[in-house]
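Engineer: One structure coming up, written as structure tokens, with questions to follow.
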Amino acid sequence: MTIHSDDLVRVTNWIGGLSASAFGVYDAVTGSGTVWHGVVMTYCGVALAYTTGSFQDFLRRRDTRVVTHLAGNPGSSLPQICAATGMHKDRVGSSLQRLIADGLVRSESGRSYRLTR
């Protein structure tokens with residue numbers, strides 16, 4: 001199983017957000033701090049967990065740009081995909097890894113990529 005940096009960011013945001021929310025609720029209910037401190041911490045934790053979904057949407061849009069390029073230009077190399085999409089090679093590489101793992105893209109001799117049929 002391959003773990004991508006994008007997945008680590010998503011999981012970290014989700015766990016961190018829920019943990020901050022839990023501590024905020026605990027702080028507000030038990031009164032170990034001020035009520036406002038607990039409310040603010042809960043709100044920030046929920047916002048962080050919520051952004052996890054937004055981050056997933058961002059990844060889907062990024063992957064869609066790569067797939068769209070490969071649909072019209074099969075056999076493209078990493079630099080060609082980067083130039084066409086305007087994305088950094090690390091981001092394109094991460095998208096390609098995810099798409100290959102999902103079986104949507106295949107690598108040809110490690111240098112060019114095309115959609116699977």
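We label chains A, B, ... in the order they appear in the structure tokens, count residues from 1 in each chain, and number ligands from 1 in the order shown.
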List the spatial neighbours of segment 72-77 of chain A as a ChimeraX atom specification - criterion: any atom at most 6 Å away, only C-alpha atoms, same-chain residues fewer than 3 positions off excluded.

Structural biologist: /A:69,80,111-114

Engineer: Neighbouring residues of Arg117 of chain A were defined as those with any atom within 10 Å, considering only C-alpha atoms; residues of the same chain fewer than 3 positions away were excluded. Please report them as a PDB file with N, CA and C atoms, in the first residue's frame.

Structural biologist:
```pdb
ATOM      1  N   GLY A 103      -6.157   2.393 -11.001  1.00  0.00           N
ATOM      2  CA  GLY A 103      -6.336   1.662 -12.250  1.00  0.00           C
ATOM      3  C   GLY A 103      -6.862   2.498 -13.405  1.00  0.00           C
ATOM      4  N   LEU A 104      -6.797   3.814 -13.287  1.00  0.00           N
ATOM      5  CA  LEU A 104      -7.289   4.693 -14.347  1.00  0.00           C
ATOM      6  C   LEU A 104      -6.212   5.061 -15.365  1.00  0.00           C
ATOM      7  N   VAL A 105      -4.969   5.018 -14.930  1.00  0.00           N
ATOM      8  CA  VAL A 105      -3.833   5.395 -15.781  1.00  0.00           C
ATOM      9  C   VAL A 105      -2.799   4.291 -15.703  1.00  0.00           C
ATOM     10  N   ARG A 106      -2.090   4.092 -16.801  1.00  0.00           N
ATOM     11  CA  ARG A 106      -0.978   3.135 -16.775  1.00  0.00           C
ATOM     12  C   ARG A 106       0.285   3.841 -17.262  1.00  0.00           C
ATOM     13  N   ARG A 114      -0.748   6.897 -20.085  1.00  0.00           N
ATOM     14  CA  ARG A 114      -1.972   6.909 -20.877  1.00  0.00           C
ATOM     15  C   ARG A 114      -3.097   6.331 -20.033  1.00  0.00           C
TER      16      ARG A 114
END
```

Engineer: May I ask which of the residues A:Ala47, A:Ile100, A:Val39, A:Ile15 is the closest one to Asp63 of chain A, counting only C-alpha atoms?

Structural biologist: A:Ile100

Engineer: Of the candidates A:Pro79, A:Thr64, A:Arg10, A:Met41, which one gets nearest to Val25 of chain A if we count only C-alpha atoms?

Structural biologist: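 Using only C-alpha atoms, the shortest distance to Val25 of chain A belongs to A:Met41.
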
Engineer: Residues of segment 9-116 of chain A in strand (DSSP E or B) according to DSSP, as JSON, numbers by chain?

Structural biologist: {"A": [76, 77, 105, 106, 107, 108, 112, 113, 114, 115]}
